[in-house]
file coords_31.pdb (PDB, C-alpha atoms)
ATOM      1  CA  ASN C   1      15.240  44.297  96.875
ATOM      2  CA  CYS C   2      11.496  43.869  96.462
ATOM      3  CA  THR C   3      10.353  44.470  92.874
ATOM      4  CA  CYS C   4       6.819  45.317  93.989
ATOM      5  CA  CYS C   5       7.843  48.228  96.232
ATOM      6  CA  PRO C   6       6.239  51.515  95.090
ATOM      7  CA  PHE C   7       9.395  53.616  95.099
ATOM      8  CA  ALA C   8       9.352  57.118  93.640
ATOM      9  CA  THR C   9      12.927  56.827  92.394
ATOM     10  CA  ARG C  10      15.842  54.455  92.604
ATOM     11  CA  PHE C  11      18.107  55.126  95.516
ATOM     12  CA  GLU C  12      21.261  53.903  97.148
ATOM     13  CA  VAL C  13      22.052  53.868 100.833
ATOM     14  CA  SER C  14      25.548  54.812 101.822
ATOM     15  CA  ARG C  15      27.171  52.146 103.960
ATOM     16  CA  SER C  16      30.176  54.224 104.910
ATOM     17  CA  THR C  17      29.133  54.074 108.557
ATOM     18  CA  GLU C  18      29.634  50.312 108.514
ATOM     19  CA  SER C  19      33.349  50.882 108.160
ATOM     20  CA  ILE C  20      33.462  52.200 111.709
ATOM     21  CA  GLU C  21      35.221  49.761 113.962
ATOM     22  CA  SER C  22      32.688  48.096 116.215
ATOM     23  CA  SER C  23      35.340  47.883 118.898
ATOM     24  CA  ALA C  24      35.097  51.642 119.323
ATOM     25  CA  TRP C  25      31.630  51.172 120.788
ATOM     26  CA  LYS C  26      31.948  49.263 124.046
ATOM     27  CA  LYS C  27      28.826  47.507 125.207
ATOM     28  CA  THR C  28      27.989  48.078 128.834
ATOM     29  CA  PRO C  29      25.670  45.723 130.706
ATOM     30  CA  MET C  30      22.038  46.819 131.216
ATOM     31  CA  SER C  31      22.470  49.856 128.944
ATOM     32  CA  ARG C  32      19.950  51.028 126.361
ATOM     33  CA  PRO C  33      20.921  49.844 122.850
ATOM     34  CA  GLU C  34      20.715  53.366 121.381
ATOM     35  CA  PHE C  35      23.278  54.565 123.959
ATOM     36  CA  THR C  36      25.643  51.697 123.154
ATOM     37  CA  ALA C  37      26.218  52.068 119.410
ATOM     38  CA  PRO C  38      24.456  53.122 116.183
ATOM     39  CA  PRO C  39      21.837  50.553 115.083
ATOM     40  CA  GLN C  40      23.766  49.378 112.027
ATOM     41  CA  ILE C  41      26.703  48.568 114.330
ATOM     42  CA  PHE C  42      24.858  47.342 117.422
ATOM     43  CA  TYR C  43      22.753  44.857 115.453
ATOM     44  CA  ASN C  44      25.593  42.885 113.912
ATOM     45  CA  ASP C  45      25.120  39.324 112.683
ATOM     46  CA  VAL C  46      25.388  37.804 116.173
ATOM     47  CA  GLU C  47      23.093  40.332 117.858
ATOM     48  CA  ALA C  48      20.537  40.158 115.028
ATOM     49  CA  ARG C  49      20.223  36.370 115.283
ATOM     50  CA  LYS C  50      20.117  36.438 119.088
ATOM     51  CA  TYR C  51      17.358  39.057 118.957
ATOM     52  CA  THR C  52      15.324  37.083 116.425
ATOM     53  CA  HIS C  53      15.535  33.719 118.187
ATOM     54  CA  SER C  54      14.659  35.033 121.647
ATOM     55  CA  SER C  55      11.208  33.691 122.564
ATOM     56  CA  ARG C  56      10.656  36.615 124.958
ATOM     57  CA  VAL C  57      11.445  39.175 122.256
ATOM     58  CA  VAL C  58       9.152  37.400 119.775
ATOM     59  CA  GLU C  59       6.284  37.423 122.277
ATOM     60  CA  ILE C  60       6.752  41.129 123.082
ATOM     61  CA  GLN C  61       6.966  42.063 119.397
ATOM     62  CA  GLU C  62       3.760  40.191 118.599
ATOM     63  CA  ARG C  63       1.897  41.771 121.493
ATOM     64  CA  LEU C  64       3.055  45.302 120.627
ATOM     65  CA  THR C  65       2.202  44.783 116.956
ATOM     66  CA  GLU C  66      -1.316  43.638 117.826
ATOM     67  CA  ARG C  67      -1.763  46.722 120.003
ATOM     68  CA  ALA C  68      -0.467  49.018 117.237
ATOM     69  CA  VAL C  69      -2.876  47.521 114.685
ATOM     70  CA  GLU C  70      -5.711  47.933 117.193
ATOM     71  CA  LEU C  71      -4.866  51.638 117.547
ATOM     72  CA  LEU C  72      -4.805  52.004 113.746
ATOM     73  CA  ASN C  73      -8.554  51.388 113.958
ATOM     74  CA  ILE C  74      -8.712  49.686 110.546
ATOM     75  CA  PRO C  75     -12.289  48.820 109.467
ATOM     76  CA  ASP C  76     -13.061  45.119 109.810
ATOM     77  CA  ASP C  77     -14.238  44.635 106.232
ATOM     78  CA  GLY C  78     -11.945  41.773 105.236
ATOM     79  CA  VAL C  79      -9.950  43.935 102.806
ATOM     80  CA  PRO C  80      -6.151  43.648 103.319
ATOM     81  CA  ARG C  81      -4.317  46.940 103.769
ATOM     82  CA  LEU C  82      -0.830  47.905 102.667
ATOM     83  CA  LEU C  83       1.075  48.979 105.798
ATOM     84  CA  LEU C  84       4.509  50.487 106.298
ATOM     85  CA  ASP C  85       6.667  48.973 109.060
ATOM     86  CA  VAL C  86       9.389  51.451 110.060
ATOM     87  CA  GLY C  87      12.314  49.725 111.767
ATOM     88  CA  CYS C  88      11.068  46.290 110.750
ATOM     89  CA  GLY C  89      14.285  44.539 111.804
ATOM     90  CA  SER C  90      14.182  40.811 111.078
ATOM     91  CA  GLY C  91      10.466  40.873 110.296
ATOM     92  CA  LEU C  92       8.978  39.792 113.634
ATOM     93  CA  SER C  93       6.330  42.514 113.600
ATOM     94  CA  GLY C  94       5.798  41.968 109.867
ATOM     95  CA  GLU C  95       4.983  38.308 110.410
ATOM     96  CA  ARG C  96       2.245  39.319 112.810
ATOM     97  CA  LEU C  97       0.881  41.773 110.240
ATOM     98  CA  THR C  98       0.759  38.940 107.701
ATOM     99  CA  SER C  99      -1.109  36.680 110.132
ATOM    100  CA  LEU C 100      -3.624  39.515 110.682
ATOM    101  CA  GLY C 101      -4.321  39.566 106.928
ATOM    102  CA  HIS C 102      -2.396  42.653 105.837
ATOM    103  CA  GLU C 103       0.385  43.280 103.326
ATOM    104  CA  TRP C 104       3.427  45.227 104.431
ATOM    105  CA  ILE C 105       6.724  46.771 103.407
ATOM    106  CA  GLY C 106       9.433  47.322 106.005
ATOM    107  CA  THR C 107      12.461  49.590 106.214
ATOM    108  CA  ASP C 108      15.481  49.224 108.479
ATOM    109  CA  ILE C 109      19.022  50.577 108.553
ATOM    110  CA  SER C 110      20.629  47.314 109.728
ATOM    111  CA  MET C 111      21.619  45.102 106.809
ATOM    112  CA  ASN C 112      22.236  42.169 109.180
ATOM    113  CA  MET C 113      18.658  42.362 110.431
ATOM    114  CA  LEU C 114      17.298  42.431 106.875
ATOM    115  CA  GLU C 115      19.448  39.463 105.874
ATOM    116  CA  VAL C 116      17.953  37.470 108.739
ATOM    117  CA  ALA C 117      14.483  38.515 107.556
ATOM    118  CA  GLN C 118      15.235  37.254 104.049
ATOM    119  CA  GLU C 119      16.566  33.961 105.450
ATOM    120  CA  ARG C 120      13.310  33.565 107.351
ATOM    121  CA  GLU C 121      11.417  34.163 104.070
ATOM    122  CA  VAL C 122       9.023  36.774 105.393
ATOM    123  CA  LEU C 123       6.154  37.610 103.037
ATOM    124  CA  GLY C 124       6.665  41.376 103.091
ATOM    125  CA  GLY C 125       9.163  43.496 101.206
ATOM    126  CA  VAL C 126      12.196  44.785 103.108
ATOM    127  CA  VAL C 127      14.359  47.787 102.201
ATOM    128  CA  GLN C 128      17.547  49.082 103.777
ATOM    129  CA  TYR C 129      17.024  52.752 104.545
ATOM    130  CA  ASP C 130      17.773  55.222 107.308
ATOM    131  CA  MET C 131      14.480  56.572 108.676
ATOM    132  CA  GLY C 132      16.308  59.794 109.565
ATOM    133  CA  HIS C 133      16.426  60.466 105.811
ATOM    134  CA  GLY C 134      12.661  60.014 105.425
ATOM    135  CA  CYS C 135      10.656  57.361 103.558
ATOM    136  CA  PRO C 136      11.581  56.498  99.931
ATOM    137  CA  PHE C 137       8.045  55.980  98.646
ATOM    138  CA  ARG C 138       5.564  57.770  96.414
ATOM    139  CA  PRO C 139       2.926  60.016  97.998
ATOM    140  CA  GLY C 140      -0.311  58.439  99.203
ATOM    141  CA  VAL C 141       0.802  54.819  98.924
ATOM    142  CA  PHE C 142       0.189  53.312 102.376
ATOM    143  CA  ASP C 143      -3.053  52.700 104.248
ATOM    144  CA  GLY C 144      -1.264  52.971 107.579
ATOM    145  CA  CYS C 145       2.059  52.754 109.362
ATOM    146  CA  ILE C 146       3.376  51.047 112.474
ATOM    147  CA  SER C 147       6.752  51.178 114.159
ATOM    148  CA  ILE C 148       7.844  49.048 117.097
ATOM    149  CA  SER C 149      10.710  50.213 119.319
ATOM    150  CA  ALA C 150      12.460  52.261 116.630
ATOM    151  CA  ILE C 151      11.942  56.032 116.587
ATOM    152  CA  GLN C 152      13.779  56.635 119.878
ATOM    153  CA  TRP C 153      16.987  56.015 117.882
ATOM    154  CA  LEU C 154      16.392  59.331 116.088
ATOM    155  CA  CYS C 155      16.840  61.228 119.357
ATOM    156  CA  ASN C 156      20.565  60.394 119.444
ATOM    157  CA  ALA C 157      23.356  61.898 117.365
ATOM    158  CA  ASP C 158      25.636  59.079 116.214
ATOM    159  CA  ASN C 159      28.044  61.453 114.449
ATOM    160  CA  SER C 160      28.737  65.159 114.051
ATOM    161  CA  LEU C 161      26.386  65.424 111.048
ATOM    162  CA  HIS C 162      23.325  64.124 112.873
ATOM    163  CA  ARG C 163      20.850  66.680 114.218
ATOM    164  CA  PRO C 164      18.030  64.856 116.077
ATOM    165  CA  ARG C 165      15.396  67.548 115.461
ATOM    166  CA  ARG C 166      16.222  67.737 111.754
ATOM    167  CA  ARG C 167      16.151  63.956 111.388
ATOM    168  CA  LEU C 168      12.804  63.763 113.179
ATOM    169  CA  ALA C 169      11.409  66.520 110.975
ATOM    170  CA  SER C 170      12.601  64.735 107.826
ATOM    171  CA  PHE C 171      11.128  61.436 108.985
ATOM    172  CA  PHE C 172       7.679  62.799 109.865
ATOM    173  CA  ASN C 173       7.531  65.015 106.775
ATOM    174  CA  HIS C 174       8.139  62.082 104.410
ATOM    175  CA  LEU C 175       5.895  59.782 106.458
ATOM    176  CA  TYR C 176       3.013  62.256 106.200
ATOM    177  CA  ARG C 177       3.516  62.426 102.443
ATOM    178  CA  CYS C 178       3.526  58.675 101.762
ATOM    179  CA  LEU C 179       0.372  57.993 103.826
ATOM    180  CA  LYS C 180      -3.102  58.228 102.341
ATOM    181  CA  ARG C 181      -5.201  61.100 103.681
ATOM    182  CA  GLY C 182      -7.216  59.983 106.666
ATOM    183  CA  SER C 183      -4.918  57.045 107.451
ATOM    184  CA  LYS C 184      -3.101  56.658 110.760
ATOM    185  CA  ALA C 185       0.379  55.902 112.033
ATOM    186  CA  VAL C 186       1.065  54.215 115.374
ATOM    187  CA  LEU C 187       4.641  54.488 116.581
ATOM    188  CA  GLN C 188       5.616  52.597 119.737
ATOM    189  CA  PHE C 189       8.838  53.799 121.337
ATOM    190  CA  TYR C 190      10.840  53.819 124.567
ATOM    191  CA  PRO C 191      11.671  57.416 125.553
ATOM    192  CA  ASP C 192      14.590  58.038 127.866
ATOM    193  CA  ASN C 193      13.066  61.169 129.388
ATOM    194  CA  ALA C 194      10.212  63.650 129.075
ATOM    195  CA  GLU C 195      12.255  65.890 126.757
ATOM    196  CA  GLN C 196      12.425  63.112 124.154
ATOM    197  CA  VAL C 197       8.648  62.623 124.331
ATOM    198  CA  GLU C 198       8.069  66.334 123.761
ATOM    199  CA  MET C 199      10.612  66.526 120.942
ATOM    200  CA  ILE C 200       9.105  63.561 119.071
ATOM    201  CA  THR C 201       5.497  64.679 119.539
ATOM    202  CA  THR C 202       6.215  68.292 118.565
ATOM    203  CA  SER C 203       8.094  67.211 115.429
ATOM    204  CA  ALA C 204       5.098  65.136 114.311
ATOM    205  CA  LEU C 205       2.516  67.875 114.877
ATOM    206  CA  ARG C 206       4.567  70.510 113.061
ATOM    207  CA  VAL C 207       4.378  68.708 109.710
ATOM    208  CA  GLY C 208       0.579  68.404 109.780
ATOM    209  CA  PHE C 209      -0.212  65.286 111.799
ATOM    210  CA  SER C 210      -2.933  65.371 114.423
ATOM    211  CA  GLY C 211      -3.212  63.000 117.355
ATOM    212  CA  GLY C 212      -1.212  62.490 120.509
ATOM    213  CA  LEU C 213       0.359  60.125 122.993
ATOM    214  CA  VAL C 214      -1.272  56.974 124.373
ATOM    215  CA  VAL C 215       0.277  55.341 127.429
ATOM    216  CA  ASP C 216      -0.606  51.763 128.351
ATOM    217  CA  TYR C 217      -0.215  50.858 132.021
ATOM    218  CA  PRO C 218       0.848  54.389 133.032
ATOM    219  CA  ASN C 219       1.235  53.448 136.726
ATOM    220  CA  SER C 220       3.648  50.582 136.037
ATOM    221  CA  THR C 221       7.371  51.093 135.667
ATOM    222  CA  ARG C 222       8.206  47.979 133.631
ATOM    223  CA  ALA C 223       4.943  47.425 131.747
ATOM    224  CA  LYS C 224       4.464  51.056 130.669
ATOM    225  CA  LYS C 225       4.315  51.424 126.900
ATOM    226  CA  TYR C 226       4.234  54.637 124.846
ATOM    227  CA  PHE C 227       2.327  54.809 121.545
ATOM    228  CA  LEU C 228       2.335  57.936 119.396
ATOM    229  CA  VAL C 229      -0.989  57.786 117.512
ATOM    230  CA  LEU C 230      -1.092  60.139 114.518
ATOM    231  CA  ALA C 231      -3.692  60.880 111.849
ATOM    232  CA  ALA C 232      -2.605  62.072 108.406
ATOM    233  CA  GLY C 233      -5.744  63.965 107.570
ATOM    234  CA  SER C 234      -8.311  66.443 108.807
ATOM    235  CA  GLU C 235      -8.716  67.331 112.445
ATOM    236  CA  SER C 236     -12.186  65.772 112.460
ATOM    237  CA  SER C 237     -10.752  62.300 111.924
ATOM    238  CA  ALA C 238      -8.499  62.691 114.957
ATOM    239  CA  THR C 239     -11.423  63.973 117.034
ATOM    240  CA  GLU C 240     -13.561  61.010 116.080
ATOM    241  CA  PHE C 241     -10.689  58.688 116.957
ATOM    242  CA  SER C 242     -10.128  60.141 120.432
ATOM    243  CA  ALA C 243     -13.857  60.205 121.204
ATOM    244  CA  SER C 244     -14.812  56.731 119.991
ATOM    245  CA  THR C 245     -11.770  54.521 120.541
ATOM    246  CA  HIS C 246     -11.372  52.750 123.862
ATOM    247  CA  ILE C 247      -7.831  53.289 125.144
ATOM    248  CA  CYS C 248      -6.432  52.156 128.511
ATOM    249  CA  GLY C 249      -9.972  51.844 129.894
ATOM    250  CA  LEU C 250     -10.727  55.520 129.242
ATOM    251  CA  VAL C 251     -13.003  57.122 126.653
ATOM    252  CA  GLY C 252     -13.418  60.724 125.465
ATOM    253  CA  ASP C 253     -12.948  63.422 128.105
ATOM    254  CA  GLU C 254     -11.640  60.920 130.674
ATOM    255  CA  LEU C 255      -8.728  60.159 128.361
ATOM    256  CA  LEU C 256      -7.865  63.823 127.929
ATOM    257  CA  ASN C 257      -7.853  64.397 131.703
ATOM    258  CA  LYS C 258      -5.658  61.387 132.464
ATOM    259  CA  PRO C 259      -2.217  62.485 133.772
ATOM    260  CA  GLY C 260       0.579  61.644 131.380
ATOM    261  CA  ILE C 261      -1.700  61.319 128.328
ATOM    262  CA  ASN C 262      -2.266  64.171 125.936
ATOM    263  CA  ILE C 263      -4.332  64.165 122.749
ATOM    264  CA  VAL C 264      -3.670  67.268 120.717
ATOM    265  CA  GLY C 265      -4.265  68.412 117.165
ATOM    266  CA  ARG C 266      -3.484  71.210 114.787
ATOM    267  CA  LYS C 267      -6.232  73.677 113.942
ATOM    268  CA  LYS C 268      -7.025  73.995 110.272
ATOM    269  CA  ALA C 269      -6.560  77.342 108.632
ATOM    270  CA  ARG C 270      -9.731  79.280 107.972
ATOM    271  CA  LYS C 271     -10.796  78.973 104.359
ATOM    272  CA  ASN C 272     -13.720  80.034 102.183
ATOM    273  CA  LEU C 273     -14.295  83.230 104.142
ATOM    274  CA  SER C 274     -16.684  85.775 102.693
ATOM    275  CA  PRO C 275     -15.104  88.964 101.244
ATOM    276  CA  SER C 276     -16.551  91.070 104.068
ATOM    277  CA  ARG C 277     -15.121  88.676 106.651
ATOM    278  CA  LYS C 278     -11.675  88.804 105.017
ATOM    279  CA  ILE C 279     -11.728  92.615 105.038
ATOM    280  CA  SER C 280     -12.679  92.710 108.709
ATOM    281  CA  CYS C 281      -9.839  90.304 109.605
ATOM    282  CA  VAL C 282      -7.299  92.390 107.699
ATOM    283  CA  SER C 283      -8.505  95.688 109.142
ATOM    284  CA  HIS C 284      -8.336  94.280 112.674
ATOM    285  CA  SER C 285      -4.829  92.897 112.277
ATOM    286  CA  ARG C 286      -3.521  96.179 110.950
ATOM    287  CA  SER C 287      -5.329  98.577 113.279
ATOM    288  CA  LYS C 288      -3.478 100.969 115.575
ATOM    289  CA  ARG C 289      -4.435  98.885 118.590
ATOM    290  CA  HIS C 290      -3.144  95.653 117.064
ATOM    291  CA  PRO C 291      -0.220  96.496 114.748
ATOM    292  CA  ASP C 292       0.274  93.170 112.922
ATOM    293  CA  ASN C 293      -0.613  91.372 116.188
ATOM    294  CA  LYS C 294       2.980  91.791 117.345
ATOM    295  CA  GLY C 295       4.132  92.944 120.752
ATOM    296  CA  ARG C 296       6.234  91.896 123.715
ATOM    297  CA  ALA C 297       4.248  88.677 124.261
ATOM    298  CA  TRP C 298       4.616  87.733 120.579
ATOM    299  CA  ILE C 299       8.370  88.394 120.638
ATOM    300  CA  GLU C 300       8.869  86.342 123.823
ATOM    301  CA  LYS C 301       6.862  83.495 122.302
ATOM    302  CA  LYS C 302       9.012  83.480 119.163
ATOM    303  CA  LYS C 303      12.192  83.559 121.258
ATOM    304  CA  SER C 304      11.060  80.574 123.324
ATOM    305  CA  GLN C 305      10.279  78.643 120.126
ATOM    306  CA  ALA C 306      13.735  79.422 118.757
ATOM    307  CA  GLN C 307      15.358  78.348 122.027
ATOM    308  CA  LEU C 308      13.546  75.002 121.859
ATOM    309  CA  LYS C 309      15.138  74.512 118.438
ATOM    310  CA  GLY C 310      18.575  75.138 119.933
ATOM    311  CA  LYS C 311      19.035  78.612 118.480
ATOM    312  CA  GLU C 312      20.602  81.533 120.327
ATOM    313  CA  THR C 313      18.397  84.544 121.015
ATOM    314  CA  ALA C 314      18.947  87.980 122.503
ATOM    315  CA  ARG C 315      18.057  88.311 126.166
ATOM    316  CA  ASN C 316      14.878  90.124 127.138
ATOM    317  CA  SER C 317      15.074  93.638 128.556
ATOM    318  CA  LYS C 318      12.774  96.569 129.325
ATOM    319  CA  TYR C 319      13.158  97.612 125.676
ATOM    320  CA  THR C 320      11.870  94.276 124.307
ATOM    321  CA  GLY C 321       8.792  94.913 122.175
ATOM    322  CA  ARG C 322       8.875  98.668 122.701
ATOM    323  CA  LYS C 323       7.954 100.678 119.642
ATOM    324  CA  ARG C 324      10.708 102.937 118.305
ATOM    325  CA  LYS C 325      10.009 106.619 118.033
ATOM    326  CA  ASP C 326       9.493 107.993 114.559
ATOM    327  CA  ARG C 327      12.550 109.733 113.117
ATOM    328  CA  ILE C 328      12.188 113.425 112.181
TER     329      ILE C 328
END

call {"tool": "encode", "arguments": {"input": "coords_31.pdb", "output": "structure tokens"}}
result
Amino acid sequence: NCTCCPFATRFEVSRSTESIESSAWKKTPMSRPEFTAPPQIFYNDVEARKYTHSSRVVEIQERLTERAVELLNIPDDGVPRLLLDVGCGSGLSGERLTSLGHEWIGTDISMNMLEVAQEREVLGGVVQYDMGHGCPFRPGVFDGCISISAIQWLCNADNSLHRPRRRLASFFNHLYRCLKRGSKAVLQFYPDNAEQVEMITTSALRVGFSGGLVVDYPNSTRAKKYFLVLAAGSESSATEFSASTHICGLVGDELLNKPGINIVGRKKARKNLSPSRKISCVSHSRSKRHPDNKGRAWIEKKKSQAQLKGKETARNSKYTGRKRKDRI
């Protein structure tokens, strides 16, 4: 354990899942790792060392880390930043962060990966923790966050207790809390389908992040890379980022109109309204023409949102949204 880690409280990670027999998870050739076994089982001692000593993997990790730091848009003022590396593994991405002049703390669920990182004497702190449980740090600690090829693991249920949407919500909620306001998080991942992209992006925006998806080499099958770029702050910071940062050869409106790339944000709630303005808003929302702004369209919208969360809803009929007659 790293004594300099800014933890809110002491914690212990249950390793009961490591008692699962690895033989129960059969590895199939050319299959995605997350479909083969849970990460703490897939990355055993042999797989962790093979992954770390692969020159091709090292090159890819360095290149993706450089791209993630570029998308963080950190000011070039020579001041080192404290960055969080989610799914740090054996510290390949962390080493590149160190060479770029930044300090970092990494989390990973695989103890074998972290042991290899300690053997390699990486300069960052490493902590064993399941990102599906959140981030075990105090609020407002980190200047930024990167993650390389990790968050797609949260889209899979490794046991009956895992709920992908809940784990994603917990992860993004704690990540938003431990980042400084105005800082950014860049999460590179390999989605299996469009549903996973939507689920991950929606989970991030619901907790308060603004930003969107950046796709490098969108017309290439093998070279295509997905980066979820998020801002933990006001909507203006995300707008400035999308308008001024050069991404995939596109700037501003061209980026927004590019197929497969979507930059979205959450609108801030209206504050500091004058008393007359507040009265007019209330009177409009409760008028006879707009009774609480609820109707058939509102009900159908709420049902579709519940269905996306996996909840069961009543089917629509001609009576949906119809006002009941007053009782005598």

call {"tool": "resolve_selection", "arguments": {"input": "coords_31.pdb", "expression": "the PyMOL selection byres ((chain C and resi 100) around 12)", "output": "ChimeraX atom specification"}}
result
/C:62,65-70,74,76,78-83,93-99,101-104

call {"tool": "closest_residue", "arguments": {"input": "coords_31.pdb", "among": "C:Ser90, C:Val229, C:Leu179, C:Met111", "to": "C:Asn44", "atoms": "all atoms listed in the file"}}
result
C:Met111

call {"tool": "atom_distance", "arguments": {"input": "coords_31.pdb", "atom1": "atom CA of C:Leu187", "atom2": "atom CA of C:Gln307"}}
result
26.7 Å

call {"tool": "axis_aligned_box", "arguments": {"input": "coords_31.pdb", "around": "stretch 177-193 of chain C", "padding_each_side": "3 Å", "output": "AutoDock Vina command-line options"}}
result
--center_x 3.7 --center_y 57.5 --center_z 115.6 --size_x 27.8 --size_y 15.8 --size_z 33.6

call {"tool": "atom_distance", "arguments": {"input": "coords_31.pdb", "atom1": "atom CA of C:Gly208", "atom2": "atom CA of C:Arg166"}}
result
15.8 Å

call {"tool": "resolve_selection", "arguments": {"input": "coords_31.pdb", "expression": "the PyMOL selection byres ((chain C and resi 201) around 10)", "output": "MDAnalysis selection string"}}
result
chainID C and resid 168 195:200 202:206 209:213 228:230 264

call {"tool": "atom_distance", "arguments": {"input": "coords_31.pdb", "atom1": "atom CA of C:Val215", "atom2": "atom CA of C:Phe227"}}
result
6.3 Å

call {"tool": "resolve_selection", "arguments": {"input": "coords_31.pdb", "expression": "the PyMOL selection byres ((chain C and resi 313) around 12)", "output": "PyMOL selection string"}}
result
chain C and resi 299-312+314-316

call {"tool": "closest_residue", "arguments": {"input": "coords_31.pdb", "among": "C:Arg32, C:Gly87, C:Ile148, C:Gly106", "to": "C:Val57", "atoms": "all atoms listed in the file"}}
result
C:Ile148

call {"tool": "residues_around", "arguments": {"input": "coords_31.pdb", "residues": "C:Lys180", "least_positions_apart": "3", "cutoff": "6 Å", "atoms": "all atoms listed in the file", "output": "list in words"}}
result
Gly140, Phe142, Asp143 and Ser183 of chain C

call {"tool": "closest_residue", "arguments": {"input": "coords_31.pdb", "among": "C:Gly132, C:Glu47, C:Ala194, C:Val207", "to": "C:Ala157", "atoms": "all atoms listed in the file"}}
result
C:Gly132

call {"tool": "closest_residue", "arguments": {"input": "coords_31.pdb", "among": "C:Leu92, C:Leu161, C:Leu84, C:Lys50", "to": "C:Gly125", "atoms": "all atoms listed in the file"}}
result
C:Leu84

call {"tool": "decode", "arguments": {"input": "coords_31.pdb", "residues": "stretch 138-151 of chain C", "atoms": "N, CA, C and O atoms", "output": "PDB file, in the first residue's frame"}}
result
ATOM      1  N   ARG C 138     -10.660  10.879  -1.292  1.00  0.00           N
ATOM      2  CA  ARG C 138     -11.372  12.058  -0.797  1.00  0.00           C
ATOM      3  C   ARG C 138     -11.865  12.916  -1.960  1.00  0.00           C
ATOM      4  O   ARG C 138     -11.309  12.868  -3.062  1.00  0.00           O
ATOM      5  N   PRO C 139     -12.869  13.726  -1.727  1.00  0.00           N
ATOM      6  CA  PRO C 139     -13.385  14.593  -2.806  1.00  0.00           C
ATOM      7  C   PRO C 139     -12.361  15.638  -3.240  1.00  0.00           C
ATOM      8  O   PRO C 139     -11.609  16.173  -2.436  1.00  0.00           O
ATOM      9  N   GLY C 140     -12.347  15.915  -4.544  1.00  0.00           N
ATOM     10  CA  GLY C 140     -11.523  16.988  -5.090  1.00  0.00           C
ATOM     11  C   GLY C 140     -10.040  16.778  -4.978  1.00  0.00           C
ATOM     12  O   GLY C 140      -9.287  17.747  -4.783  1.00  0.00           O
ATOM     13  N   VAL C 141      -9.569  15.544  -5.115  1.00  0.00           N
ATOM     14  CA  VAL C 141      -8.148  15.254  -4.931  1.00  0.00           C
ATOM     15  C   VAL C 141      -7.381  15.334  -6.248  1.00  0.00           C
ATOM     16  O   VAL C 141      -6.288  15.901  -6.302  1.00  0.00           O
ATOM     17  N   PHE C 142      -7.942  14.800  -7.328  1.00  0.00           N
ATOM     18  CA  PHE C 142      -7.184  14.598  -8.564  1.00  0.00           C
ATOM     19  C   PHE C 142      -7.406  15.730  -9.561  1.00  0.00           C
ATOM     20  O   PHE C 142      -8.496  16.293  -9.675  1.00  0.00           O
ATOM     21  N   ASP C 143      -6.324  16.016 -10.305  1.00  0.00           N
ATOM     22  CA  ASP C 143      -6.373  17.024 -11.366  1.00  0.00           C
ATOM     23  C   ASP C 143      -6.875  16.449 -12.681  1.00  0.00           C
ATOM     24  O   ASP C 143      -7.077  17.196 -13.644  1.00  0.00           O
ATOM     25  N   GLY C 144      -7.044  15.161 -12.751  1.00  0.00           N
ATOM     26  CA  GLY C 144      -7.516  14.514 -13.966  1.00  0.00           C
ATOM     27  C   GLY C 144      -7.517  13.017 -13.799  1.00  0.00           C
ATOM     28  O   GLY C 144      -7.001  12.479 -12.809  1.00  0.00           O
ATOM     29  N   CYS C 145      -8.089  12.333 -14.770  1.00  0.00           N
ATOM     30  CA  CYS C 145      -8.173  10.869 -14.706  1.00  0.00           C
ATOM     31  C   CYS C 145      -8.042  10.303 -16.112  1.00  0.00           C
ATOM     32  O   CYS C 145      -8.581  10.874 -17.074  1.00  0.00           O
ATOM     33  N   ILE C 146      -7.322   9.190 -16.224  1.00  0.00           N
ATOM     34  CA  ILE C 146      -7.279   8.445 -17.474  1.00  0.00           C
ATOM     35  C   ILE C 146      -7.593   6.986 -17.167  1.00  0.00           C
ATOM     36  O   ILE C 146      -7.459   6.521 -16.030  1.00  0.00           O
ATOM     37  N   SER C 147      -8.031   6.288 -18.179  1.00  0.00           N
ATOM     38  CA  SER C 147      -8.266   4.849 -18.064  1.00  0.00           C
ATOM     39  C   SER C 147      -8.057   4.236 -19.444  1.00  0.00           C
ATOM     40  O   SER C 147      -8.637   4.711 -20.426  1.00  0.00           O
ATOM     41  N   ILE C 148      -7.226   3.228 -19.509  1.00  0.00           N
ATOM     42  CA  ILE C 148      -6.893   2.594 -20.784  1.00  0.00           C
ATOM     43  C   ILE C 148      -7.419   1.162 -20.789  1.00  0.00           C
ATOM     44  O   ILE C 148      -7.001   0.329 -19.983  1.00  0.00           O
ATOM     45  N   SER C 149      -8.369   0.910 -21.656  1.00  0.00           N
ATOM     46  CA  SER C 149      -8.892  -0.447 -21.909  1.00  0.00           C
ATOM     47  C   SER C 149      -9.402  -1.105 -20.631  1.00  0.00           C
ATOM     48  O   SER C 149      -9.052  -2.252 -20.330  1.00  0.00           O
ATOM     49  N   ALA C 150     -10.257  -0.395 -19.880  1.00  0.00           N
ATOM     50  CA  ALA C 150     -10.704  -0.950 -18.600  1.00  0.00           C
ATOM     51  C   ALA C 150     -12.216  -0.920 -18.411  1.00  0.00           C
ATOM     52  O   ALA C 150     -12.799  -1.913 -17.968  1.00  0.00           O
ATOM     53  N   ILE C 151     -12.879   0.192 -18.713  1.00  0.00           N
ATOM     54  CA  ILE C 151     -14.268   0.341 -18.260  1.00  0.00           C
ATOM     55  C   ILE C 151     -15.240  -0.571 -19.000  1.00  0.00           C
ATOM     56  O   ILE C 151     -16.375  -0.732 -18.549  1.00  0.00           O
TER      57      ILE C 151
END
